[in-house]
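Structure data follow from upload36.pdb (PDB, C-alpha atoms):
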MODEL        1
ATOM      1  CA  MET N 416     -20.633   2.674   5.840
ATOM      2  CA  LEU N 417     -17.193   4.086   6.557
ATOM      3  CA  LYS N 418     -16.445   7.581   5.284
ATOM      4  CA  THR N 419     -13.963   8.170   2.455
ATOM      5  CA  ARG N 420     -10.526   8.881   3.898
ATOM      6  CA  ILE N 421      -9.205  12.201   2.562
ATOM      7  CA  ALA N 422      -5.712  13.704   2.490
ATOM      8  CA  VAL N 423      -5.262  17.385   1.660
ATOM      9  CA  LEU N 424      -1.951  18.516   0.116
ATOM     10  CA  VAL N 425      -0.938  22.116   0.871
ATOM     11  CA  SER N 426       1.973  24.530   0.514
ATOM     12  CA  GLY N 427       0.877  27.790   2.111
ATOM     13  CA  GLY N 428      -1.753  29.498   4.213
ATOM     14  CA  GLY N 429      -4.412  26.876   3.781
ATOM     15  CA  THR N 430      -7.511  28.989   3.125
ATOM     16  CA  ASN N 431      -8.970  26.257   0.919
ATOM     17  CA  LEU N 432      -8.092  23.693   3.582
ATOM     18  CA  GLN N 433     -10.010  25.822   6.089
ATOM     19  CA  ALA N 434     -13.002  25.912   3.726
ATOM     20  CA  LEU N 435     -12.892  22.096   3.622
ATOM     21  CA  ILE N 436     -12.600  21.780   7.408
ATOM     22  CA  ASP N 437     -15.541  24.172   7.861
ATOM     23  CA  ALA N 438     -17.564  22.267   5.254
ATOM     24  CA  GLU N 439     -16.964  19.001   7.079
ATOM     25  CA  LYS N 440     -18.078  20.566  10.364
ATOM     26  CA  SER N 441     -21.208  22.053   8.786
ATOM     27  CA  GLY N 442     -22.160  18.828   7.030
ATOM     28  CA  VAL N 443     -21.538  19.979   3.441
ATOM     29  CA  ILE N 444     -18.939  17.196   3.389
ATOM     30  CA  SER N 445     -20.632  14.212   5.008
ATOM     31  CA  SER N 446     -19.345  11.266   2.937
ATOM     32  CA  GLY N 447     -15.661  11.977   3.542
ATOM     33  CA  GLU N 448     -13.350  12.737   6.441
ATOM     34  CA  ILE N 449     -10.096  14.724   6.318
ATOM     35  CA  VAL N 450      -7.655  12.481   8.160
ATOM     36  CA  LEU N 451      -4.314  13.830   6.910
ATOM     37  CA  VAL N 452      -2.727  17.100   5.757
ATOM     38  CA  ILE N 453       0.562  16.839   3.849
ATOM     39  CA  SER N 454       2.756  19.874   3.160
ATOM     40  CA  ASP N 455       5.945  20.340   1.150
ATOM     41  CA  ASN N 456       6.606  23.456   3.244
ATOM     42  CA  PRO N 457       7.428  22.932   6.944
ATOM     43  CA  ASN N 458       6.392  26.539   7.670
ATOM     44  CA  ALA N 459       2.996  26.426   5.964
ATOM     45  CA  TYR N 460       0.281  27.968   8.148
ATOM     46  CA  ALA N 461      -2.015  25.262   6.797
ATOM     47  CA  LEU N 462      -0.234  22.844   9.171
ATOM     48  CA  GLU N 463      -1.390  24.979  12.116
ATOM     49  CA  ARG N 464      -4.946  24.892  10.797
ATOM     50  CA  ALA N 465      -4.741  21.094  10.694
ATOM     51  CA  LYS N 466      -3.316  20.840  14.214
ATOM     52  CA  ASN N 467      -5.987  23.213  15.540
ATOM     53  CA  ASN N 468      -8.571  20.757  14.216
ATOM     54  CA  SER N 469      -6.807  17.590  15.435
ATOM     55  CA  ILE N 470      -5.898  16.439  11.923
ATOM     56  CA  ASN N 471      -2.658  14.497  11.489
ATOM     57  CA  THR N 472       0.073  16.293   9.548
ATOM     58  CA  PHE N 473       3.071  15.148   7.537
ATOM     59  CA  VAL N 474       5.847  17.263   5.968
ATOM     60  CA  VAL N 475       7.861  16.230   2.913
ATOM     61  CA  ASN N 476      10.466  18.915   2.264
ATOM     62  CA  LYS N 477      11.581  18.536  -1.348
ATOM     63  CA  LYS N 478      15.013  19.989  -0.484
ATOM     64  CA  GLU N 479      15.619  16.951   1.700
ATOM     65  CA  CYS N 480      14.637  14.485  -1.033
ATOM     66  CA  PHE N 481      17.063  12.938  -3.502
ATOM     67  CA  SER N 482      14.824  13.474  -6.520
ATOM     68  CA  GLN N 483      11.274  14.121  -7.707
ATOM     69  CA  ALA N 484      10.688  10.353  -7.598
ATOM     70  CA  ASP N 485      11.905  10.205  -3.989
ATOM     71  CA  PHE N 486       9.693  13.184  -3.062
ATOM     72  CA  GLU N 487       6.621  11.550  -4.597
ATOM     73  CA  GLN N 488       7.413   8.132  -3.117
ATOM     74  CA  ARG N 489       7.550   9.576   0.412
ATOM     75  CA  ILE N 490       4.093  11.050  -0.109
ATOM     76  CA  ILE N 491       2.755   7.813  -1.626
ATOM     77  CA  ASP N 492       4.126   5.761   1.291
ATOM     78  CA  LYS N 493       2.294   8.007   3.754
ATOM     79  CA  LEU N 494      -0.945   7.903   1.741
ATOM     80  CA  VAL N 495      -0.785   4.106   1.651
ATOM     81  CA  SER N 496      -0.034   3.781   5.377
ATOM     82  CA  GLU N 497      -2.996   6.060   6.191
ATOM     83  CA  LYS N 498      -5.286   4.184   3.751
ATOM     84  CA  ILE N 499      -6.097   7.406   1.879
ATOM     85  CA  GLU N 500      -8.804   7.073  -0.778
ATOM     86  CA  LEU N 501      -9.102  10.667  -2.024
ATOM     87  CA  ILE N 502      -6.434  13.367  -2.408
ATOM     88  CA  VAL N 503      -7.258  17.076  -2.569
ATOM     89  CA  LEU N 504      -4.687  19.586  -3.815
ATOM     90  CA  ALA N 505      -5.471  22.832  -1.981
ATOM     91  CA  GLY N 506      -2.796  25.336  -2.921
ATOM     92  CA  PHE N 507      -0.166  22.620  -3.379
ATOM     93  CA  MET N 508       2.585  24.296  -5.402
ATOM     94  CA  LYS N 509       4.433  21.235  -6.702
ATOM     95  CA  ILE N 510       3.656  19.510  -9.999
ATOM     96  CA  LEU N 511       3.070  15.765  -9.635
ATOM     97  CA  THR N 512       4.307  13.444 -12.370
ATOM     98  CA  GLU N 513       2.430  10.679 -14.136
ATOM     99  CA  ASN N 514       4.159   8.178 -11.841
ATOM    100  CA  PHE N 515       2.107   9.687  -8.997
ATOM    101  CA  THR N 516      -1.131  10.665 -10.732
ATOM    102  CA  SER N 517      -1.561   7.332 -12.552
ATOM    103  CA  ARG N 518      -1.809   5.568  -9.179
ATOM    104  CA  TYR N 519      -4.885   7.569  -8.289
ATOM    105  CA  PRO N 520      -7.089   7.897 -11.398
ATOM    106  CA  GLU N 521     -10.054  10.190 -10.634
ATOM    107  CA  ARG N 522      -8.971  10.189  -6.995
ATOM    108  CA  ILE N 523      -7.043  13.507  -7.012
ATOM    109  CA  ILE N 524      -8.999  16.778  -7.034
ATOM    110  CA  ASN N 525      -7.492  20.200  -7.745
ATOM    111  CA  ILE N 526      -9.012  23.675  -7.629
ATOM    112  CA  HIS N 527      -7.908  26.195 -10.254
ATOM    113  CA  PRO N 528      -8.781  29.914 -10.025
ATOM    114  CA  SER N 529     -10.156  30.363 -13.545
ATOM    115  CA  LEU N 530     -12.728  28.813 -15.852
ATOM    116  CA  ILE N 531     -10.659  26.113 -17.541
ATOM    117  CA  PRO N 532      -9.579  26.084 -20.401
ATOM    118  CA  SER N 533      -8.916  29.815 -19.904
ATOM    119  CA  PHE N 534      -5.739  30.893 -18.073
ATOM    120  CA  CYS N 535      -4.572  27.439 -17.083
ATOM    121  CA  GLY N 536      -1.712  25.023 -17.634
ATOM    122  CA  GLU N 537       1.950  25.290 -16.781
ATOM    123  CA  GLY N 538       2.953  28.571 -15.131
ATOM    124  CA  PHE N 539      -0.621  29.621 -14.359
ATOM    125  CA  TYR N 540      -1.018  29.641 -10.585
ATOM    126  CA  GLY N 541      -1.829  32.050  -7.773
ATOM    127  CA  LEU N 542      -2.024  35.740  -8.647
ATOM    128  CA  LYS N 543      -0.643  35.131 -12.157
ATOM    129  CA  VAL N 544      -4.001  33.676 -13.208
ATOM    130  CA  HIS N 545      -5.880  36.804 -12.117
ATOM    131  CA  GLU N 546      -3.270  39.130 -13.632
ATOM    132  CA  LYS N 547      -3.732  37.423 -17.004
ATOM    133  CA  ALA N 548      -7.536  37.534 -16.776
ATOM    134  CA  LEU N 549      -7.415  41.288 -16.133
ATOM    135  CA  GLU N 550      -4.801  41.849 -18.854
ATOM    136  CA  TYR N 551      -6.940  39.995 -21.351
ATOM    137  CA  GLY N 552     -10.004  42.002 -20.401
ATOM    138  CA  VAL N 553     -12.428  39.141 -19.842
ATOM    139  CA  LYS N 554     -15.660  40.124 -18.081
ATOM    140  CA  VAL N 555     -16.214  36.809 -16.342
ATOM    141  CA  THR N 556     -13.753  34.538 -14.578
ATOM    142  CA  GLY N 557     -14.277  31.974 -11.824
ATOM    143  CA  ALA N 558     -12.941  28.689 -10.505
ATOM    144  CA  THR N 559     -12.816  25.087 -11.692
ATOM    145  CA  THR N 560     -12.445  21.827  -9.815
ATOM    146  CA  HIS N 561     -10.994  19.002 -11.858
ATOM    147  CA  PHE N 562      -9.390  15.610 -11.555
ATOM    148  CA  VAL N 563      -5.597  15.628 -11.768
ATOM    149  CA  ASN N 564      -3.643  13.765 -14.420
ATOM    150  CA  GLU N 565      -0.114  14.171 -15.782
ATOM    151  CA  ILE N 566      -1.067  17.334 -17.726
ATOM    152  CA  PRO N 567      -1.195  20.525 -15.585
ATOM    153  CA  ASP N 568      -4.897  21.480 -15.290
ATOM    154  CA  GLY N 569      -5.647  18.811 -17.899
ATOM    155  CA  GLY N 570      -7.934  16.386 -16.059
ATOM    156  CA  LYS N 571     -11.695  15.998 -16.369
ATOM    157  CA  ILE N 572     -13.707  18.952 -15.011
ATOM    158  CA  ILE N 573     -15.890  18.265 -11.962
ATOM    159  CA  MET N 574     -17.455  21.689 -11.287
ATOM    160  CA  GLN N 575     -17.184  25.327 -12.366
ATOM    161  CA  LYS N 576     -18.535  28.565 -10.931
ATOM    162  CA  ALA N 577     -18.402  31.949 -12.641
ATOM    163  CA  VAL N 578     -17.439  35.232 -10.956
ATOM    164  CA  GLU N 579     -17.924  38.643 -12.526
ATOM    165  CA  ILE N 580     -14.962  40.962 -12.976
ATOM    166  CA  GLN N 581     -15.674  44.496 -11.788
ATOM    167  CA  ASP N 582     -14.272  47.894 -12.777
ATOM    168  CA  GLY N 583     -11.224  48.763 -10.717
ATOM    169  CA  ASP N 584     -10.354  45.156  -9.872
ATOM    170  CA  THR N 585      -6.736  44.450  -9.027
ATOM    171  CA  PRO N 586      -5.355  40.885  -9.142
ATOM    172  CA  GLU N 587      -5.512  40.804  -5.309
ATOM    173  CA  ILE N 588      -9.135  41.980  -5.135
ATOM    174  CA  LEU N 589     -10.149  39.538  -7.870
ATOM    175  CA  GLN N 590      -8.308  36.679  -6.174
ATOM    176  CA  LYS N 591     -10.240  37.289  -2.955
ATOM    177  CA  ARG N 592     -13.601  37.469  -4.762
ATOM    178  CA  VAL N 593     -12.917  34.263  -6.714
ATOM    179  CA  MET N 594     -11.993  32.479  -3.467
ATOM    180  CA  GLU N 595     -15.078  33.681  -1.590
ATOM    181  CA  GLN N 596     -17.627  33.363  -4.403
ATOM    182  CA  ALA N 597     -16.333  30.257  -6.166
ATOM    183  CA  GLU N 598     -13.396  28.283  -4.730
ATOM    184  CA  TRP N 599     -14.686  27.932  -1.176
ATOM    185  CA  ILE N 600     -18.077  26.827  -2.508
ATOM    186  CA  ILE N 601     -17.280  24.359  -5.279
ATOM    187  CA  LEU N 602     -14.231  22.725  -3.698
ATOM    188  CA  PRO N 603     -16.180  21.331  -0.708
ATOM    189  CA  GLN N 604     -19.108  20.390  -2.999
ATOM    190  CA  SER N 605     -16.745  18.548  -5.358
ATOM    191  CA  VAL N 606     -15.025  16.757  -2.484
ATOM    192  CA  GLU N 607     -18.414  15.598  -1.194
ATOM    193  CA  LYS N 608     -19.527  14.501  -4.669
ATOM    194  CA  VAL N 609     -16.412  12.358  -5.256
ATOM    195  CA  SER N 610     -16.275  11.112  -1.635
ATOM    196  CA  LYS N 611     -19.840   9.868  -1.972
ATOM    197  CA  ILE N 612     -19.026   7.927  -5.165
ATOM    198  CA  ILE N 613     -15.962   6.336  -3.532
ATOM    199  CA  LYS N 614     -17.908   5.496  -0.373
ATOM    200  CA  GLU N 615     -20.763   3.893  -2.285
ATOM    201  CA  ASN N 616     -18.352   1.797  -4.372
ATOM    202  CA  LYS N 617     -16.443   0.357  -1.404
TER
ENDMDL
END

Can the structure in the file be given as structure tokens, please?
Amino acid sequence: MLKTRIAVLVSGGGTNLQALIDAEKSGVISSGEIVLVISDNPNAYALERAKNNSINTFVVNKKECFSQADFEQRIIDKLVSEKIELIVLAGFMKILTENFTSRYPERIINIHPSLIPSFCGEGFYGLKVHEKALEYGVKVTGATTHFVNEIPDGGKIIMQKAVEIQDGDTPEILQKRVMEQAEWIILPQSVEKVSKIIKENK
């Protein structure tokens, strides 16, 4: 049976993309295949990671688009032409509207660096999430994979993994620990889980 065709959407360095590439090579992801990396940032290092692993890349620079609808349509057109069945947001810094998300119900996965519903929603991304967790004084944080709908961080949860906060943590130290102990583990596992369902239902 053919593997699920996966596109990964990125904006920056692509550490989560690298975790997915490594997971595919090691067999953690066996039901899906990353065939396309799309970036809204032409200078994203994630594009280099894709090229180094012979994965096709595509750049949609929002500044060159007429509107949000135009930006999303360019991405959709590429996804359709590449027959993409599963979309993974791996550090993709643009919000997608319902016009986009409704086309792919339970086919878009995002990773968020906290235990949803804590420290999530609009404005909670990157280091800000870890800053808020430390400010609040929680003792446990983590990461969540979830399906994407029109509400930021509002889709159904797929997996969660907890990470302990330690004395002396800075947002940067905590960010690194959450990536290593949670994000890079549950994102590939979630991608495999959903890829397998899609593959079996073809």

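The closest residue to Glu513 of chain N, picked from N:Asn564, N:Asn471, N:Asn525, N:Thr556 and counting all atoms listed in the file, is N:Asn564.
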
Could you tell me how far atom CA of Val578 of chain N lies from atom CA of Phe534 of chain N, in Å and to one decimal? 14.4 Å

Which of these, N:His545, N:Lys466, N:Lys478, N:His561, has the shortest distance to Ala505 of chain N once you count all atoms listed in the file?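 So, comparing all the options, the nearest one is N:His561.
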
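What separates atom CA of Ile531 of chain N from atom CA of Ile502 of chain N is a distance of 20.2 Å.
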
Excluding Thr585 of chain N and residues on its chain fewer than 3 positions from it, collect all residues at most 12 Å away from it, counting only C-alpha atoms, and give them as a ChimeraX atom specification. /N:542-550,580-582,588-592

For the residues in the current selection, export C-alpha atoms as an mmCIF file, in the coordinates of the input.
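Wrote it out as out39.cif, contents follow:
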data_model
loop_
_atom_site.group_PDB
_atom_site.id
_atom_site.type_symbol
_atom_site.label_atom_id
_atom_site.label_comp_id
_atom_site.auth_asym_id
_atom_site.auth_seq_id
_atom_site.Cartn_x
_atom_site.Cartn_y
_atom_site.Cartn_z
ATOM 1 C CA LEU N 542 -2.024 35.740 -8.647
ATOM 2 C CA LYS N 543 -0.643 35.131 -12.157
ATOM 3 C CA VAL N 544 -4.001 33.676 -13.208
ATOM 4 C CA HIS N 545 -5.880 36.804 -12.117
ATOM 5 C CA GLU N 546 -3.270 39.130 -13.632
ATOM 6 C CA LYS N 547 -3.732 37.423 -17.004
ATOM 7 C CA ALA N 548 -7.536 37.534 -16.776
ATOM 8 C CA LEU N 549 -7.415 41.288 -16.133
ATOM 9 C CA GLU N 550 -4.801 41.849 -18.854
ATOM 10 C CA ILE N 580 -14.962 40.962 -12.976
ATOM 11 C CA GLN N 581 -15.674 44.496 -11.788
ATOM 12 C CA ASP N 582 -14.272 47.894 -12.777
ATOM 13 C CA ILE N 588 -9.135 41.980 -5.135
ATOM 14 C CA LEU N 589 -10.149 39.538 -7.870
ATOM 15 C CA GLN N 590 -8.308 36.679 -6.174
ATOM 16 C CA LYS N 591 -10.240 37.289 -2.955
ATOM 17 C CA ARG N 592 -13.601 37.469 -4.762
#

Counting only C-alpha atoms, the residue of N:Ala461, N:Ile524, N:Leu432, N:Ile566 that sits nearest Val609 of chain N: N:Ile524

Tell me which residues the PyMOL selection byres ((chain N and resi 482-493) around 10) grabs here, as an MDAnalysis selection string. chainID N and resid 422 424 451 453:455 473:481 494:499 509:512 514:516 518

The PyMOL selection byres ((chain N and resi 604) around 10) resolved against shown file, as a PDB file with C-alpha atoms, in the coordinates of the input:
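Contents of part_31.pdb, freshly written:
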ATOM      1  CA  LEU N 435     -12.892  22.096   3.622  1.00  0.00           C
ATOM      2  CA  ALA N 438     -17.564  22.267   5.254  1.00  0.00           C
ATOM      3  CA  VAL N 443     -21.538  19.979   3.441  1.00  0.00           C
ATOM      4  CA  ILE N 444     -18.939  17.196   3.389  1.00  0.00           C
ATOM      5  CA  THR N 560     -12.445  21.827  -9.815  1.00  0.00           C
ATOM      6  CA  ILE N 573     -15.890  18.265 -11.962  1.00  0.00           C
ATOM      7  CA  MET N 574     -17.455  21.689 -11.287  1.00  0.00           C
ATOM      8  CA  GLU N 598     -13.396  28.283  -4.730  1.00  0.00           C
ATOM      9  CA  TRP N 599     -14.686  27.932  -1.176  1.00  0.00           C
ATOM     10  CA  ILE N 600     -18.077  26.827  -2.508  1.00  0.00           C
ATOM     11  CA  ILE N 601     -17.280  24.359  -5.279  1.00  0.00           C
ATOM     12  CA  LEU N 602     -14.231  22.725  -3.698  1.00  0.00           C
ATOM     13  CA  PRO N 603     -16.180  21.331  -0.708  1.00  0.00           C
ATOM     14  CA  SER N 605     -16.745  18.548  -5.358  1.00  0.00           C
ATOM     15  CA  VAL N 606     -15.025  16.757  -2.484  1.00  0.00           C
ATOM     16  CA  GLU N 607     -18.414  15.598  -1.194  1.00  0.00           C
ATOM     17  CA  LYS N 608     -19.527  14.501  -4.669  1.00  0.00           C
ATOM     18  CA  VAL N 609     -16.412  12.358  -5.256  1.00  0.00           C
ATOM     19  CA  SER N 610     -16.275  11.112  -1.635  1.00  0.00           C
TER      20      SER N 610
END

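The spacing separating atom CA of Glu537 of chain N from atom CA of Phe507 of chain N amounts to 13.8 Å.
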
List as an mmCIF file with C-alpha atoms, keeping the file's coordinate frame the residues having at least one atom at most 9 Å from position (-0.5, 30.0, -9.4) as given in the file, counting all atoms listed in the file.
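Output (part-v2.cif):
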data_model
loop_
_atom_site.group_PDB
_atom_site.id
_atom_site.type_symbol
_atom_site.label_atom_id
_atom_site.label_comp_id
_atom_site.auth_asym_id
_atom_site.auth_seq_id
_atom_site.Cartn_x
_atom_site.Cartn_y
_atom_site.Cartn_z
ATOM 1 C CA GLY N 506 -2.796 25.336 -2.921
ATOM 2 C CA MET N 508 2.585 24.296 -5.402
ATOM 3 C CA HIS N 527 -7.908 26.195 -10.254
ATOM 4 C CA PRO N 528 -8.781 29.914 -10.025
ATOM 5 C CA GLY N 538 2.953 28.571 -15.131
ATOM 6 C CA PHE N 539 -0.621 29.621 -14.359
ATOM 7 C CA TYR N 540 -1.018 29.641 -10.585
ATOM 8 C CA GLY N 541 -1.829 32.050 -7.773
ATOM 9 C CA LEU N 542 -2.024 35.740 -8.647
ATOM 10 C CA LYS N 543 -0.643 35.131 -12.157
ATOM 11 C CA VAL N 544 -4.001 33.676 -13.208
#

Find the residue from N:Ser445, N:Thr419, N:Ser517, N:Asn456 that sits nearest to Leu501 of chain N; use all atoms listed in the file when measuring.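 Counting all atoms listed in the file, the residue closest to Leu501 of chain N is N:Thr419.
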
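Of the residues under consideration (N:Leu504, N:Val593, N:Cys535, N:Ala577), N:Leu504 shows the shortest atom-to-atom contact distance to Val423 of chain N when counting all atoms listed in the file.
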
As a check of understanding, name the residues that the PyMOL selection byres ((chain N and resi 571) around 6) selects in the supplied structure, as number ranges by chain. N: 561-562, 570, 572

Closest to Thr430 of chain N among N:Asn458, N:Lys617, N:Glu595, N:Tyr519, using all atoms listed in the file? N:Glu595

With N, CA, C and O atoms as the goal, would you fill in the gaps in segment 466-490 of chain N and present it as a PDB file, in the frame of the given file?
ATOM      1  N   LYS N 466      -3.532  21.170  12.800  1.00  0.00           N
ATOM      2  CA  LYS N 466      -3.316  20.840  14.214  1.00  0.00           C
ATOM      3  C   LYS N 466      -4.429  21.387  15.092  1.00  0.00           C
ATOM      4  O   LYS N 466      -4.867  20.728  16.037  1.00  0.00           O
ATOM      5  N   ASN N 467      -4.899  22.603  14.762  1.00  0.00           N
ATOM      6  CA  ASN N 467      -5.987  23.213  15.540  1.00  0.00           C
ATOM      7  C   ASN N 467      -7.287  22.422  15.436  1.00  0.00           C
ATOM      8  O   ASN N 467      -8.194  22.596  16.244  1.00  0.00           O
ATOM      9  N   ASN N 468      -7.372  21.574  14.415  1.00  0.00           N
ATOM     10  CA  ASN N 468      -8.571  20.757  14.216  1.00  0.00           C
ATOM     11  C   ASN N 468      -8.288  19.265  14.394  1.00  0.00           C
ATOM     12  O   ASN N 468      -9.045  18.420  13.917  1.00  0.00           O
ATOM     13  N   SER N 469      -7.184  18.972  15.086  1.00  0.00           N
ATOM     14  CA  SER N 469      -6.807  17.590  15.435  1.00  0.00           C
ATOM     15  C   SER N 469      -6.682  16.673  14.218  1.00  0.00           C
ATOM     16  O   SER N 469      -7.070  15.504  14.252  1.00  0.00           O
ATOM     17  N   ILE N 470      -6.138  17.239  13.131  1.00  0.00           N
ATOM     18  CA  ILE N 470      -5.898  16.439  11.923  1.00  0.00           C
ATOM     19  C   ILE N 470      -4.400  16.139  11.847  1.00  0.00           C
ATOM     20  O   ILE N 470      -3.576  17.030  12.025  1.00  0.00           O
ATOM     21  N   ASN N 471      -4.066  14.889  11.595  1.00  0.00           N
ATOM     22  CA  ASN N 471      -2.658  14.497  11.489  1.00  0.00           C
ATOM     23  C   ASN N 471      -1.959  15.239  10.351  1.00  0.00           C
ATOM     24  O   ASN N 471      -2.567  15.475   9.306  1.00  0.00           O
ATOM     25  N   THR N 472      -0.688  15.579  10.574  1.00  0.00           N
ATOM     26  CA  THR N 472       0.073  16.293   9.548  1.00  0.00           C
ATOM     27  C   THR N 472       1.346  15.523   9.204  1.00  0.00           C
ATOM     28  O   THR N 472       1.841  14.718  10.005  1.00  0.00           O
ATOM     29  N   PHE N 473       1.857  15.802   8.017  1.00  0.00           N
ATOM     30  CA  PHE N 473       3.071  15.148   7.537  1.00  0.00           C
ATOM     31  C   PHE N 473       3.773  16.131   6.599  1.00  0.00           C
ATOM     32  O   PHE N 473       3.130  16.727   5.732  1.00  0.00           O
ATOM     33  N   VAL N 474       5.081  16.323   6.801  1.00  0.00           N
ATOM     34  CA  VAL N 474       5.847  17.263   5.968  1.00  0.00           C
ATOM     35  C   VAL N 474       6.859  16.494   5.122  1.00  0.00           C
ATOM     36  O   VAL N 474       7.589  15.643   5.626  1.00  0.00           O
ATOM     37  N   VAL N 475       6.850  16.787   3.821  1.00  0.00           N
ATOM     38  CA  VAL N 475       7.861  16.230   2.913  1.00  0.00           C
ATOM     39  C   VAL N 475       8.561  17.421   2.262  1.00  0.00           C
ATOM     40  O   VAL N 475       8.047  18.029   1.333  1.00  0.00           O
ATOM     41  N   ASN N 476       9.716  17.773   2.785  1.00  0.00           N
ATOM     42  CA  ASN N 476      10.466  18.915   2.264  1.00  0.00           C
ATOM     43  C   ASN N 476      11.275  18.449   1.051  1.00  0.00           C
ATOM     44  O   ASN N 476      12.172  17.610   1.172  1.00  0.00           O
ATOM     45  N   LYS N 477      10.940  19.012  -0.112  1.00  0.00           N
ATOM     46  CA  LYS N 477      11.581  18.536  -1.348  1.00  0.00           C
ATOM     47  C   LYS N 477      13.095  18.713  -1.305  1.00  0.00           C
ATOM     48  O   LYS N 477      13.835  17.942  -1.904  1.00  0.00           O
ATOM     49  N   LYS N 478      13.565  19.741  -0.574  1.00  0.00           N
ATOM     50  CA  LYS N 478      15.013  19.989  -0.484  1.00  0.00           C
ATOM     51  C   LYS N 478      15.741  18.828   0.188  1.00  0.00           C
ATOM     52  O   LYS N 478      16.933  18.647   0.007  1.00  0.00           O
ATOM     53  N   GLU N 479      15.000  18.075   0.991  1.00  0.00           N
ATOM     54  CA  GLU N 479      15.619  16.951   1.700  1.00  0.00           C
ATOM     55  C   GLU N 479      15.467  15.634   0.939  1.00  0.00           C
ATOM     56  O   GLU N 479      15.905  14.588   1.410  1.00  0.00           O
ATOM     57  N   CYS N 480      14.830  15.697  -0.229  1.00  0.00           N
ATOM     58  CA  CYS N 480      14.637  14.485  -1.033  1.00  0.00           C
ATOM     59  C   CYS N 480      15.714  14.388  -2.105  1.00  0.00           C
ATOM     60  O   CYS N 480      16.252  15.394  -2.552  1.00  0.00           O
ATOM     61  N   PHE N 481      15.997  13.173  -2.524  1.00  0.00           N
ATOM     62  CA  PHE N 481      17.063  12.938  -3.502  1.00  0.00           C
ATOM     63  C   PHE N 481      16.631  13.337  -4.912  1.00  0.00           C
ATOM     64  O   PHE N 481      17.449  13.695  -5.750  1.00  0.00           O
ATOM     65  N   SER N 482      15.325  13.235  -5.164  1.00  0.00           N
ATOM     66  CA  SER N 482      14.824  13.474  -6.520  1.00  0.00           C
ATOM     67  C   SER N 482      13.313  13.690  -6.461  1.00  0.00           C
ATOM     68  O   SER N 482      12.699  13.527  -5.405  1.00  0.00           O
ATOM     69  N   GLN N 483      12.736  14.011  -7.612  1.00  0.00           N
ATOM     70  CA  GLN N 483      11.274  14.121  -7.707  1.00  0.00           C
ATOM     71  C   GLN N 483      10.631  12.777  -7.361  1.00  0.00           C
ATOM     72  O   GLN N 483       9.621  12.715  -6.649  1.00  0.00           O
ATOM     73  N   ALA N 484      11.234  11.698  -7.863  1.00  0.00           N
ATOM     74  CA  ALA N 484      10.688  10.353  -7.598  1.00  0.00           C
ATOM     75  C   ALA N 484      10.715  10.036  -6.102  1.00  0.00           C
ATOM     76  O   ALA N 484       9.756   9.462  -5.564  1.00  0.00           O
ATOM     77  N   ASP N 485      11.785  10.425  -5.432  1.00  0.00           N
ATOM     78  CA  ASP N 485      11.905  10.205  -3.989  1.00  0.00           C
ATOM     79  C   ASP N 485      10.848  11.030  -3.241  1.00  0.00           C
ATOM     80  O   ASP N 485      10.182  10.533  -2.328  1.00  0.00           O
ATOM     81  N   PHE N 486      10.695  12.280  -3.654  1.00  0.00           N
ATOM     82  CA  PHE N 486       9.693  13.184  -3.062  1.00  0.00           C
ATOM     83  C   PHE N 486       8.293  12.572  -3.175  1.00  0.00           C
ATOM     84  O   PHE N 486       7.546  12.477  -2.190  1.00  0.00           O
ATOM     85  N   GLU N 487       7.951  12.125  -4.377  1.00  0.00           N
ATOM     86  CA  GLU N 487       6.621  11.550  -4.597  1.00  0.00           C
ATOM     87  C   GLU N 487       6.448  10.233  -3.848  1.00  0.00           C
ATOM     88  O   GLU N 487       5.373   9.960  -3.304  1.00  0.00           O
ATOM     89  N   GLN N 488       7.516   9.433  -3.787  1.00  0.00           N
ATOM     90  CA  GLN N 488       7.413   8.132  -3.117  1.00  0.00           C
ATOM     91  C   GLN N 488       7.157   8.303  -1.621  1.00  0.00           C
ATOM     92  O   GLN N 488       6.394   7.539  -1.023  1.00  0.00           O
ATOM     93  N   ARG N 489       7.780   9.321  -1.020  1.00  0.00           N
ATOM     94  CA  ARG N 489       7.550   9.576   0.412  1.00  0.00           C
ATOM     95  C   ARG N 489       6.086   9.937   0.673  1.00  0.00           C
ATOM     96  O   ARG N 489       5.515   9.521   1.684  1.00  0.00           O
ATOM     97  N   ILE N 490       5.514  10.700  -0.254  1.00  0.00           N
ATOM     98  CA  ILE N 490       4.093  11.050  -0.109  1.00  0.00           C
ATOM     99  C   ILE N 490       3.230   9.807  -0.303  1.00  0.00           C
ATOM    100  O   ILE N 490       2.318   9.538   0.494  1.00  0.00           O
TER     101      ILE N 490
END
